[in-house]
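Peer 1: Have a look at this one before I ask anything.
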Amino acid sequence: MDENLLILKKSFPGRASQIDQLWNFFGTTREPFPPTLYISGGSSTGKSSIISALLKALSIKHAMINLVECYTSKILFESILNQLSGHEIDPKIGAPFARCDNLMDFVEHIQKMSLAGSVIVIDKAEELRNMEFNLLPGFLTLQELTNVQISVIFLSEIAFEKYYYKLNILEPFKLHFPQYTKDELLEILALDFDYLENVSTSCDRDFYRNYLNVFLSVFYRACRDLSELRHMSRKNFIVYCEPIDKNQLTVHDSMALWKHISPIFTASMQVLYLRTSNDSSKPLAQNLELPFYTKYLLIAAYLASYNSAKDDKRLFTKYHGKKTKTRKDVNRKNKVSDKLNTQMGPTTFTLDRLLAIFYSILEDKVGFNNHLLVQVSSLVELQLLSLASDPSTLDDRKYKCNVNFETIQSVSRMVGFNIRKYLSDFSHM
Amino acid sequence: MSGDSLLSIRNYLKNKIFNNQVYLGNEKQRNRVLELLQRTAEQGESNSMLLIGPKGSGKTKLVNSVLKDLQANQKTFNDDCIIVKLHGLLHTNDRLALKSITFQMNLDNAVDGKVFGSFAENLAFLLACLKTGEKHTSKSVIFILEEFDLFCGHHNQTLLYNLFDISQSAQAPICVLGITCRIDVIQLLEKRVKSRFSHRQMFLYPGPEENSEISDLDFALDRLKYYLEIPLSEKNLAKTSSTVKKKWNTSIQTLLNDKKFKNIIQRLTDLELNENILKLILAKCVFALNNKNQILTVQQFEKELNLLEKDDMVKILQDLSFLELCLIVAMKHQCDIYDNNPMNFEMIFTRYVKFANKHSSMQSVQRPVVMKAFEHIEKLELISMIGHQGKKEYRFFKLLVTPHQISEAISRSSGVPTEIVQWSNSSLA
């Protein structure tokens, strides 16, 4: 057994079978490598890090390319050549190793450089589909085009079948990196212990594992992304240790610690992936401090956007006359959630309609003046409304409401207004 | 068997699989190509021909082996003619193609003095070079156009028009040999180009030759035998003793005669007859040879075939977190109920919230987090957006995975909460 292989397996827990497979492919540098290899797997499953660690350990000449950085073929070709030739860009001149505009030049350079046994790694390979048409098939058949034994490894999050769009392209070797299981995640996160800062001396490895167990039981359902979980676990561990640091609890009071941490876990579940600090995570409505009438304007705008104009009479006038129930109305009441207005997105409305609804839902009388009209444009400025008509004309302006139902509900709660009563989606309930 | 001899055998096999230049089978077709090129080279006949066949049917290999034969057998061949190889993926427009032609015909010396500004001048020069030749005195030129169909996309098909035009008139003798996998390639040619083409087409199919008695299975086994067996007189393996070779060959023979193994290969040939797929599986098994497993086993082939048959989408679905899985199940139900009509995030979110409220064990997750999960699903291309207008919540999309794949993924992955399993199996949403 090779020593490198053991080191690799040790530094990447839970990836033994993938490393074994890669070792089979690339382990003996004297023998030919597979011409193309497609590695799929979710984010932070160790695709790039394992590949680069492996290639480094075996000291195989390679180029690591991320297609997010190399967004045109010229940059892509030149950076591959730079890396393969070991060329370092002099900041004063900034010239690449070779100028290379198209695949033909690229292939010529590869042929000149004696690159047998080297590897090109292309990360975010799904971007290849959006680039020139010849790049994807070109890289898939690079050995045939160049007659040089050079391998290409593609890393991507999506399945290979998503690439069959036009050409019948050559099938590469495939390897899938599955997402880590709960136990594997625990192992990997436990490695963090050595890197933790400000840890009180009283905690040991087992204590940290217990914490992770508790942590994963909450978070594993919503998230399997290692880097996000690591971020969250580190952030919350400090809070978890607080009572111990203050000498209120000891490391053995696991129940009390759980009671202390569980509301905090719930709170940080709400900001998963968002990377916001906890205090600014209050919903938009509470951060938004609008004047009283402006709030009503916003509500009116929401109502105008999510009710159809023909329901206005029924919803907003007191004496709308007797409406005979038709078969259609009965049917509409029975429908559960088919095409609710609130689910179909905002529709446009005119300023007249907005003001009419505004005056209808507002109980006290307010004069129609400049101040009110200015509020409309300031709502547009705040992106709470958006202009849906040509901005160059002043007449017949049309608007759309950008606020979602939850926000508008809390805004209306603040002013004591029952919004459900005025939405045709809910008014029949 | 000692480790060293195994290594050398493995190396030999890998080389044989990846760098094989020997063309097998289809003698009739091969002879026709050989004859055609010979006539061009020796008698100065102009010709054009298309070689059509699916990927992996050995078109390029056939042409290369013919050229190799000609170069080896006839000393005058190299003096008599020039070979110009063009590839549709490399020479993506006529300018690049011309550049490459000038280079390959060693005309760049002639060009050296003049600087060609435009494409037209370059073409005129090249044409003049070709036209001045007479039928019997000048060298013949063999043009080999790989991925011929891509040349049809060039502006006005200028290159093809001129090549075919020369091949029709009594100028310098040239032979145009197009290689393509598109069966409808003739239809891509413009009328004036088509009328100059000789309409000599040859089709190559993978698998056993037409009218032969060999079954697909025997054909595949034959190929496997060719790739795996080691000829005793092999030069590259001179160091390995013949007893080791014999031992290896007998192990291969027993493998090929195994009934179970035949069944596996039958399964493969039922899927696809492409030689590339066969090589893919073979290579993976050869890569797995090491000191622990010294011979190829039936189990190995079976494992690789199972991997090949596995659905990649199911693997991707298995990697989802439970929150994302919930969303996918919600989408599946939405599809069922509304007959595959497009849906938007808002509808799915309502469906999800309804489900989460019913089951107290599901932790409630806030809207932004659900949105993130939704975006992740979109990134994995499990859904595809229709249209790009409006806010993300209201944009319509379609589900790209089948209900079957979803239920398979759920039943295969372990630890999925029972309520999700029940929800996905229930016909009532």
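By order of appearance in the structure tokens: chains A, B, ..., then residues from 1 within every chain, and ligands from 1 in the order shown.
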May I have the residues within 10 Å of Arg129 (chain A) as a CSV table (one decimal) with N, CA, C and O atoms, in the first residue's frame, using only C-alpha atoms and disregarding those fewer than 5 positions away in the same chain?
Peer 2:
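This is the output file out.csv:
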```csv
chain,number,residue,atom,x,y,z
A,134,ASN,N,-17.5,24.3,-29.9
A,134,ASN,CA,-16.5,23.2,-30.1
A,134,ASN,C,-15.7,22.9,-28.8
A,134,ASN,O,-14.9,22.0,-28.8
A,135,LEU,N,-15.9,23.6,-27.7
A,135,LEU,CA,-15.1,23.4,-26.5
A,135,LEU,C,-15.4,22.1,-25.8
A,135,LEU,O,-14.5,21.3,-25.5
A,136,LEU,N,-16.7,21.8,-25.6
A,136,LEU,CA,-17.1,20.6,-24.9
A,136,LEU,C,-16.7,19.4,-25.6
A,136,LEU,O,-15.9,18.5,-25.1
A,137,PRO,N,-17.1,19.2,-26.9
A,137,PRO,CA,-16.6,18.0,-27.6
A,137,PRO,C,-15.1,18.0,-27.8
A,137,PRO,O,-14.5,17.0,-27.9
A,162,LYS,N,-27.0,15.8,-18.7
A,162,LYS,CA,-27.4,17.2,-19.0
A,162,LYS,C,-26.6,17.8,-20.1
A,162,LYS,O,-26.8,18.9,-20.6
A,163,TYR,N,-25.6,17.1,-20.5
A,163,TYR,CA,-24.7,17.6,-21.6
A,163,TYR,C,-25.1,17.1,-23.0
A,163,TYR,O,-24.6,17.6,-24.0
A,164,TYR,N,-26.0,16.2,-23.0
A,164,TYR,CA,-26.4,15.7,-24.4
A,164,TYR,C,-27.4,16.7,-24.9
A,164,TYR,O,-28.5,16.5,-24.8
A,165,TYR,N,-26.9,17.7,-25.6
A,165,TYR,CA,-27.9,18.6,-26.1
A,165,TYR,C,-27.9,18.6,-27.6
A,165,TYR,O,-29.0,18.7,-28.2
```
Peer 1: Show which residues sit within 10 Å of region 72-88 of chain B, as number ranges by chain. Count only C-alpha atoms, and ignore same-chain residues fewer than 4 positions away.
Peer 2: A: 104, 134, 138, 145; B: 37-38, 40-44, 66-68, 92-93, 96-98, 100-106, 137-154, 173-180
Peer 1: Which residues of chain A are close to chain B, meaning at most 8 Å apart when you count only C-alpha atoms, and how do they look as a PyMOL selection string?
Peer 2: chain A and resi 21+24-25+31-32+34-35+41-42+102-104+134+137-138+157-161+168-173+178-179+220-224+269-274+337+343-345
Peer 1: Deliver the residues from the most recent selection as a file, using C-alpha atoms, as a compact mmCIF listing (two decimals), in the first residue's frame.
Peer 2:
```txt
# COMPACT_ATOMS: atom_id res chain seq x y z
CA GLN A 21 -11.03 4.62 -7.62
CA ASN A 24 -6.67 3.15 -9.73
CA PHE A 25 -6.95 5.72 -12.49
CA GLU A 31 0.92 3.87 -17.22
CA PRO A 32 -1.66 5.66 -19.36
CA PRO A 34 -8.01 7.55 -18.67
CA PRO A 35 -8.41 10.14 -21.43
CA GLY A 41 -21.13 15.57 -6.88
CA GLY A 42 -22.72 18.26 -4.78
CA ASN A 102 -8.92 29.25 -30.68
CA LEU A 103 -8.88 25.53 -30.22
CA MET A 104 -6.63 25.06 -33.24
CA ASN A 134 -16.51 23.21 -30.06
CA PRO A 137 -16.60 18.03 -27.64
CA GLY A 138 -13.07 19.33 -28.13
CA GLU A 157 -22.44 19.40 -9.80
CA ILE A 158 -24.86 18.18 -12.44
CA ALA A 159 -25.34 14.79 -14.02
CA PHE A 160 -23.54 14.07 -17.26
CA GLU A 161 -26.76 13.45 -19.13
CA ASN A 168 -23.59 12.76 -29.74
CA ILE A 169 -20.54 13.22 -27.63
CA LEU A 170 -18.13 10.65 -26.41
CA GLU A 171 -18.90 9.14 -23.02
CA PRO A 172 -16.15 9.80 -20.48
CA PHE A 173 -15.27 7.75 -17.42
CA PRO A 178 -22.07 11.31 -2.99
CA GLN A 179 -23.03 13.76 -0.28
CA TYR A 220 -28.99 17.85 9.15
CA ARG A 221 -32.55 17.90 7.88
CA ALA A 222 -32.33 21.26 6.24
CA CYS A 223 -28.76 21.23 5.07
CA ARG A 224 -26.13 18.72 4.02
CA MET A 269 -31.91 27.77 11.35
CA GLN A 270 -33.74 30.80 10.03
CA VAL A 271 -30.57 32.33 8.70
CA LEU A 272 -29.11 29.15 7.20
CA TYR A 273 -27.19 30.00 4.02
CA LEU A 274 -28.00 33.66 4.44
CA SER A 337 -55.16 26.56 -4.30
CA GLN A 343 -49.36 32.89 -6.03
CA MET A 344 -49.29 34.20 -9.55
CA GLY A 345 -47.26 37.30 -8.92
```
Peer 1: So that I can check the secondary structure, give me every residue of region 87-320 of chain A assigned helix (DSSP H, G or I) by backbone DSSP, as number ranges by chain.
Peer 2: A: 103-112, 125-130, 135-140, 142-146, 160-163, 182-195, 205-219, 226-245, 254-269, 278-281, 284-287, 292-306, 309-316
Peer 1: Can you tell me how far CA of Ser410 (chain A) sits from CA of Ser424 (chain A), in Å to one decimal?
Peer 2: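 These atoms are spaced 18.7 Å apart.
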Peer 1: From the list B:Leu317, B:Val185, B:Ile410, B:Leu282, which residue is nearest Lys225 (chain B) when using only C-alpha atoms?
Peer 2: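 For Lys225 (chain B), the nearest of the candidates is B:Leu282.
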Peer 1: At what distance in Å, to one decimal, does CA of Phe417 (chain A) lie from CA of Ser360 (chain A)?
Peer 2: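 A separation of 12.6 Å between them.
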Peer 1: Which residues come within 10 Å of Asn341 (chain A), counting only C-alpha atoms, excluding same-chain residues fewer than 3 positions away, as a list in words?
Peer 2: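 Once the adjacent positions are removed, what remains is Ser305, Tyr306, Asn307, Ser308, Ser337, Asp338, Met344, Gly345, Pro346, Thr347, Leu423, Ser424, Asp425 and Phe426 of chain A.
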Peer 1: Next, write the just-selected residues to a file, as a compact mmCIF listing (two decimals), in the first residue's frame, keeping C-alpha atoms as the atom set.
Peer 2:
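selection-v9.txt, freshly written:
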```
# COMPACT_ATOMS: atom_id res chain seq x y z
CA SER A 305 -51.63 44.16 -7.39
CA TYR A 306 -53.20 40.98 -6.12
CA ASN A 307 -56.88 41.61 -6.73
CA SER A 308 -58.33 41.76 -10.15
CA SER A 337 -55.16 26.56 -4.30
CA ASP A 338 -55.38 26.49 -8.04
CA MET A 344 -49.29 34.20 -9.55
CA GLY A 345 -47.26 37.30 -8.92
CA PRO A 346 -48.22 40.95 -8.96
CA THR A 347 -50.21 42.52 -11.75
CA LEU A 423 -58.04 39.86 -0.82
CA SER A 424 -60.24 37.99 -3.20
CA ASP A 425 -58.17 34.88 -2.55
CA PHE A 426 -59.18 34.79 1.07
```
